Amino acid sequence: MTLSDSFESALRAISANKLRSALTMLGVVIGVGSVIAMIGIGEGTKQKSLAELEITGANRISVMPNRGRARDVGSASTLRTEDVTRLQKSVPLIKYITGVVSSRFSGQTVVKFGSSNARTSVTGAEPQIRFIENANKMHSGQWYDEMDEAMANRKAVLGYTVYDNLFAGDNAIGATIKVNNQNFEVVGVVDYKGGSGWNNPDDQVYIPLHTAQTRLLDSKDRVNYITMQISRSDLLPLAQGQVEDTLYATRRSATGEELFRVFNQAEALQTIETQSTLLSLLLAGIASVSLLVGGIGIMNIMLVSVTERTKEIGLRKAIGAQKNTILTQFLLESVVMCVLGGTIGIILGAVAVQFVAKALQVPQVINLTAVGMAFAFSSIVGVFFGLYPAIRASNLQPIEALRHE
């Protein structure tokens, strides 16, 4: 019997018990499908996180007060406006820098226009924030300028979500909105960026830093955090070291407590990639258990099949079938079931990725490496768990097999 004959025989044996074969393959189908879906969703989530990090600005370093003191900007924040000035003078790698005062740390603010209102965050920052946060592309109007900053003018630039909620597509430039019952003139609307979550760049109102400190948020000379853009991404670690040296040269607590946390975007990127990889490996490991269970099920059914076909095996051996021929026939039968199950699992996994990604609003990613590995693993499962029943069938003695009842 040739290899193609053994393959045809395996297909006939599988098709002769369609329901039993389908149930046997179910574990492999679920296992392979789960691996494809888990890794695909994990990769899509990672891509979404990286994209959101990218739209908030590149080459960024941020300085935050330690132990969440940013929440107490009016009383206990360890960062002041003078720290911004000192960093600007001492760290030549800084391209743009600003201190930021945000109502986000104390809760959302109600912004009104006519009968429309929106709960959003108010961000007080110098005009450079538009370069640091990649918010320089305007839907309409322009940003407030240095004169507005120096004079603490009541000028406002709206994120696209706030603009849409208040003006519903109408012209907003020159309109007067109320922020905490104070009038602000809208001078610009930032184009849609597509952010989401707690730090959504589309869902905030920008006003001059000096205005926020003196007229709105009463933070005096303190800021929630300092953010800056470095000229090149490869200089981020060097610039971060210079920022830390500059701050700690004059600002240390009496107990040695770290007053600030300095972190750069490269660290955030690395953290996201590391967490995503670990999560994908964990999910793939859990899904692989289904493959293992499926393989055990296939071995069980193959042992039953050997028992049921003992007389057939004895007859074939009596008329000259070789030991290797019997072994190959049963091994192929096991492998074919795993390969068929793996193929169906890949299709179902790809469909699951599309549905789940759409529900979670993350990119649809079919990881070809995961597809190849899942398919190869299912084939290995077929060989591993089919080997023992095949060996048992090939070792049967013809006379004893023909006497089997």
# chains A, B, ... in the order shown; residues from 1 in each chain; ligands from 1

call {"tool": "select_by_dssp", "arguments": {"residues": "stretch 57-216 of chain A", "states": "strand (DSSP E)", "output": "number ranges by chain"}}
result
A: 60-65, 94-102, 109-113, 116-125, 138-141, 155-158, 176-179, 182-190, 204-207

call {"tool": "closest_residue", "arguments": {"among": "A:Met25, A:Phe260, A:Gly31, A:Asn324", "to": "A:Val371", "atoms": "only C-alpha atoms"}}
result
A:Gly31

call {"tool": "atom_distance", "arguments": {"atom1": "atom CA of A:Ile177", "atom2": "atom CA of A:Gln128"}}
result
22.9 Å

call {"tool": "residues_around", "arguments": {"residues": "stretch 143-153 of chain A", "least_positions_apart": "6", "cutoff": "7 Å", "atoms": "only C-alpha atoms", "output": "list in words"}}
result
Glu126, Pro127, Val187, Gly188, Pro208, Leu209, His210 and Thr211 of chain A

call {"tool": "residues_around", "arguments": {"residues": "stretch 269-278 of chain A", "least_positions_apart": "2", "cutoff": "10 Å", "atoms": "only C-alpha atoms", "output": "PDB file with C-alpha atoms, in the first residue's frame"}}
result
ATOM      1  CA  ILE A  39      -3.086  36.339  19.851  1.00  0.00           C
ATOM      2  CA  GLY A  42      -3.808  40.853  21.913  1.00  0.00           C
ATOM      3  CA  GLU A  43      -1.927  42.217  18.895  1.00  0.00           C
ATOM      4  CA  GLY A  44      -4.865  44.459  17.936  1.00  0.00           C
ATOM      5  CA  THR A  45      -5.050  45.855  21.475  1.00  0.00           C
ATOM      6  CA  LYS A  46      -1.325  46.563  21.428  1.00  0.00           C
ATOM      7  CA  GLN A  47      -1.573  48.378  18.093  1.00  0.00           C
ATOM      8  CA  SER A  49      -2.467  51.432  22.541  1.00  0.00           C
ATOM      9  CA  LEU A  50       0.612  52.350  20.495  1.00  0.00           C
ATOM     10  CA  LEU A  53       0.314  56.931  22.481  1.00  0.00           C
ATOM     11  CA  GLU A  54       1.542  58.226  19.122  1.00  0.00           C
ATOM     12  CA  ASN A 264       9.739  59.131  28.733  1.00  0.00           C
ATOM     13  CA  GLN A 265       7.574  57.852  25.923  1.00  0.00           C
ATOM     14  CA  ALA A 266      10.064  55.123  24.977  1.00  0.00           C
ATOM     15  CA  GLU A 267       9.521  53.549  28.407  1.00  0.00           C
ATOM     16  CA  SER A 280      -0.519  37.007  24.442  1.00  0.00           C
ATOM     17  CA  LEU A 281       1.757  34.233  25.705  1.00  0.00           C
ATOM     18  CA  LEU A 282      -0.490  33.672  28.722  1.00  0.00           C
ATOM     19  CA  LEU A 283      -3.640  33.501  26.592  1.00  0.00           C
ATOM     20  CA  ALA A 284      -1.954  31.254  24.023  1.00  0.00           C
TER      21      ALA A 284
END

call {"tool": "residues_around", "arguments": {"residues": "stretch 171-175 of chain A", "least_positions_apart": "2", "cutoff": "8 Å", "atoms": "only C-alpha atoms", "output": "list of chain:residue names"}}
result
A:Ser140, A:Gly141, A:Tyr163, A:Phe167, A:Gly169, A:Ile177, A:Glu185, A:Val186, A:Val187, A:Gly188, A:Val189

call {"tool": "closest_residue", "arguments": {"among": "A:Pro92, A:Gly342, A:Gly114, A:Gly320", "to": "A:Ile230", "atoms": "only C-alpha atoms"}}
result
A:Pro92

call {"tool": "atom_distance", "arguments": {"atom1": "atom CA of A:Leu11", "atom2": "atom CA of A:Ala376"}}
result
20.1 Å

call {"tool": "select_by_dssp", "arguments": {"residues": "stretch 38-198 of chain A", "states": "alpha helix (DSSP H)", "output": "PyMOL selection string"}}
result
chain A and resi 38-55+81-90+129-132+146-151+160-167

call {"tool": "closest_residue", "arguments": {"among": "A:Ala16, A:Ile61, A:Val243, A:Ile41", "to": "A:Leu279", "atoms": "only C-alpha atoms"}}
result
A:Ile41

call {"tool": "atom_distance", "arguments": {"atom1": "atom CA of A:Ile346", "atom2": "atom CA of A:Gln364"}}
result
14.7 Å

call {"tool": "closest_residue", "arguments": {"among": "A:Val381, A:Val336, A:Leu303, A:Ala357", "to": "A:Ser6", "atoms": "only C-alpha atoms"}}
result
A:Val336

call {"tool": "residues_around", "arguments": {"residues": "stretch 109-112 of chain A", "least_positions_apart": "4", "cutoff": "9 Å", "atoms": "only C-alpha atoms", "output": "VMD selection string"}}
result
chain A and resid 103 to 104 116 to 122 162 166 177 to 181 205

call {"tool": "residues_around", "arguments": {"residues": "A:Glu333", "least_positions_apart": "2", "cutoff": "9 Å", "atoms": "only C-alpha atoms", "output": "PyMOL selection string"}}
result
chain A and resi 6-7+9-11+13-14+302+328-331+335-338+382+386

call {"tool": "closest_residue", "arguments": {"among": "A:Glu133, A:Ala212, A:Lys155, A:Gln240", "to": "A:Ile94", "atoms": "only C-alpha atoms"}}
result
A:Gln240

call {"tool": "closest_residue", "arguments": {"among": "A:Asp202, A:Val223, A:Arg130, A:Asp191", "to": "A:Glu82", "atoms": "only C-alpha atoms"}}
result
A:Val223

call {"tool": "decode", "arguments": {"residues": "stretch 284-299 of chain A", "atoms": "all heavy atoms", "output": "PDB file, in the first residue's frame"}}
result
ATOM      1  N   ALA A 284      -2.271  32.365  24.918  1.00  0.00           N
ATOM      2  CA  ALA A 284      -1.954  31.254  24.023  1.00  0.00           C
ATOM      3  C   ALA A 284      -1.682  29.985  24.820  1.00  0.00           C
ATOM      4  O   ALA A 284      -2.060  28.879  24.404  1.00  0.00           O
ATOM      5  CB  ALA A 284      -0.741  31.607  23.169  1.00  0.00           C
ATOM      6  N   GLY A 285      -1.045  30.129  25.993  1.00  0.00           N
ATOM      7  CA  GLY A 285      -0.796  28.968  26.844  1.00  0.00           C
ATOM      8  C   GLY A 285      -2.084  28.336  27.329  1.00  0.00           C
ATOM      9  O   GLY A 285      -2.231  27.110  27.345  1.00  0.00           O
ATOM     10  N   ILE A 286      -3.030  29.214  27.742  1.00  0.00           N
ATOM     11  CA  ILE A 286      -4.334  28.706  28.201  1.00  0.00           C
ATOM     12  C   ILE A 286      -5.054  27.996  27.056  1.00  0.00           C
ATOM     13  O   ILE A 286      -5.622  26.906  27.219  1.00  0.00           O
ATOM     14  CB  ILE A 286      -5.182  29.868  28.739  1.00  0.00           C
ATOM     15  CG1 ILE A 286      -4.544  30.443  30.005  1.00  0.00           C
ATOM     16  CG2 ILE A 286      -6.604  29.412  29.031  1.00  0.00           C
ATOM     17  CD1 ILE A 286      -5.204  31.713  30.504  1.00  0.00           C
ATOM     18  N   ALA A 287      -5.005  28.616  25.852  1.00  0.00           N
ATOM     19  CA  ALA A 287      -5.687  28.010  24.702  1.00  0.00           C
ATOM     20  C   ALA A 287      -5.029  26.694  24.306  1.00  0.00           C
ATOM     21  O   ALA A 287      -5.704  25.776  23.801  1.00  0.00           O
ATOM     22  CB  ALA A 287      -5.667  28.985  23.526  1.00  0.00           C
ATOM     23  N   SER A 288      -3.717  26.577  24.530  1.00  0.00           N
ATOM     24  CA  SER A 288      -3.015  25.351  24.159  1.00  0.00           C
ATOM     25  C   SER A 288      -3.494  24.155  24.966  1.00  0.00           C
ATOM     26  O   SER A 288      -3.343  23.000  24.534  1.00  0.00           O
ATOM     27  CB  SER A 288      -1.498  25.528  24.356  1.00  0.00           C
ATOM     28  OG  SER A 288      -1.024  26.551  23.508  1.00  0.00           O
ATOM     29  N   VAL A 289      -4.052  24.414  26.143  1.00  0.00           N
ATOM     30  CA  VAL A 289      -4.585  23.321  26.953  1.00  0.00           C
ATOM     31  C   VAL A 289      -5.696  22.601  26.177  1.00  0.00           C
ATOM     32  O   VAL A 289      -5.841  21.370  26.252  1.00  0.00           O
ATOM     33  CB  VAL A 289      -5.111  23.854  28.301  1.00  0.00           C
ATOM     34  CG1 VAL A 289      -5.809  22.754  29.093  1.00  0.00           C
ATOM     35  CG2 VAL A 289      -3.968  24.440  29.119  1.00  0.00           C
ATOM     36  N   SER A 290      -6.489  23.383  25.414  1.00  0.00           N
ATOM     37  CA  SER A 290      -7.556  22.776  24.604  1.00  0.00           C
ATOM     38  C   SER A 290      -6.962  21.840  23.567  1.00  0.00           C
ATOM     39  O   SER A 290      -7.525  20.770  23.266  1.00  0.00           O
ATOM     40  CB  SER A 290      -8.381  23.865  23.917  1.00  0.00           C
ATOM     41  OG  SER A 290      -9.038  24.668  24.859  1.00  0.00           O
ATOM     42  N   LEU A 291      -5.807  22.243  22.996  1.00  0.00           N
ATOM     43  CA  LEU A 291      -5.145  21.376  22.024  1.00  0.00           C
ATOM     44  C   LEU A 291      -4.708  20.075  22.675  1.00  0.00           C
ATOM     45  O   LEU A 291      -4.841  18.988  22.094  1.00  0.00           O
ATOM     46  CB  LEU A 291      -3.933  22.088  21.427  1.00  0.00           C
ATOM     47  CG  LEU A 291      -4.195  23.007  20.233  1.00  0.00           C
ATOM     48  CD1 LEU A 291      -2.927  23.738  19.845  1.00  0.00           C
ATOM     49  CD2 LEU A 291      -4.713  22.203  19.053  1.00  0.00           C
ATOM     50  N   LEU A 292      -4.188  20.185  23.896  1.00  0.00           N
ATOM     51  CA  LEU A 292      -3.735  18.987  24.609  1.00  0.00           C
ATOM     52  C   LEU A 292      -4.916  18.062  24.887  1.00  0.00           C
ATOM     53  O   LEU A 292      -4.836  16.846  24.664  1.00  0.00           O
ATOM     54  CB  LEU A 292      -3.069  19.417  25.919  1.00  0.00           C
ATOM     55  CG  LEU A 292      -2.447  18.292  26.756  1.00  0.00           C
ATOM     56  CD1 LEU A 292      -1.287  17.664  25.994  1.00  0.00           C
ATOM     57  CD2 LEU A 292      -1.962  18.835  28.092  1.00  0.00           C
ATOM     58  N   VAL A 293      -6.024  18.649  25.344  1.00  0.00           N
ATOM     59  CA  VAL A 293      -7.225  17.846  25.617  1.00  0.00           C
ATOM     60  C   VAL A 293      -7.741  17.221  24.327  1.00  0.00           C
ATOM     61  O   VAL A 293      -8.149  16.044  24.292  1.00  0.00           O
ATOM     62  CB  VAL A 293      -8.313  18.730  26.268  1.00  0.00           C
ATOM     63  CG1 VAL A 293      -9.619  17.963  26.414  1.00  0.00           C
ATOM     64  CG2 VAL A 293      -7.840  19.243  27.625  1.00  0.00           C
ATOM     65  N   GLY A 294      -7.702  18.001  23.235  1.00  0.00           N
ATOM     66  CA  GLY A 294      -8.133  17.468  21.943  1.00  0.00           C
ATOM     67  C   GLY A 294      -7.272  16.302  21.497  1.00  0.00           C
ATOM     68  O   GLY A 294      -7.783  15.299  20.959  1.00  0.00           O
ATOM     69  N   GLY A 295      -5.962  16.392  21.741  1.00  0.00           N
ATOM     70  CA  GLY A 295      -5.055  15.304  21.373  1.00  0.00           C
ATOM     71  C   GLY A 295      -5.346  14.040  22.165  1.00  0.00           C
ATOM     72  O   GLY A 295      -5.321  12.920  21.618  1.00  0.00           O
ATOM     73  N   ILE A 296      -5.643  14.216  23.460  1.00  0.00           N
ATOM     74  CA  ILE A 296      -5.987  13.048  24.274  1.00  0.00           C
ATOM     75  C   ILE A 296      -7.267  12.395  23.764  1.00  0.00           C
ATOM     76  O   ILE A 296      -7.387  11.161  23.706  1.00  0.00           O
ATOM     77  CB  ILE A 296      -6.145  13.467  25.757  1.00  0.00           C
ATOM     78  CG1 ILE A 296      -4.787  13.910  26.304  1.00  0.00           C
ATOM     79  CG2 ILE A 296      -6.701  12.319  26.591  1.00  0.00           C
ATOM     80  CD1 ILE A 296      -4.850  14.515  27.693  1.00  0.00           C
ATOM     81  N   GLY A 297      -8.221  13.215  23.359  1.00  0.00           N
ATOM     82  CA  GLY A 297      -9.471  12.686  22.799  1.00  0.00           C
ATOM     83  C   GLY A 297      -9.220  11.899  21.518  1.00  0.00           C
ATOM     84  O   GLY A 297      -9.816  10.839  21.293  1.00  0.00           O
ATOM     85  N   ILE A 298      -8.322  12.400  20.676  1.00  0.00           N
ATOM     86  CA  ILE A 298      -8.000  11.695  19.434  1.00  0.00           C
ATOM     87  C   ILE A 298      -7.330  10.353  19.743  1.00  0.00           C
ATOM     88  O   ILE A 298      -7.639   9.321  19.127  1.00  0.00           O
ATOM     89  CB  ILE A 298      -7.095  12.579  18.558  1.00  0.00           C
ATOM     90  CG1 ILE A 298      -7.943  13.696  17.933  1.00  0.00           C
ATOM     91  CG2 ILE A 298      -6.407  11.763  17.468  1.00  0.00           C
ATOM     92  CD1 ILE A 298      -7.170  14.675  17.099  1.00  0.00           C
ATOM     93  N   MET A 299      -6.434  10.332  20.711  1.00  0.00           N
ATOM     94  CA  MET A 299      -5.785   9.062  21.058  1.00  0.00           C
ATOM     95  C   MET A 299      -6.812   8.058  21.569  1.00  0.00           C
ATOM     96  O   MET A 299      -6.760   6.859  21.229  1.00  0.00           O
ATOM     97  CB  MET A 299      -4.712   9.296  22.125  1.00  0.00           C
ATOM     98  CG  MET A 299      -3.935   8.027  22.478  1.00  0.00           C
ATOM     99  SD  MET A 299      -2.477   8.322  23.474  1.00  0.00           S
ATOM    100  CE  MET A 299      -3.226   8.810  25.018  1.00  0.00           C
TER     101      MET A 299
END
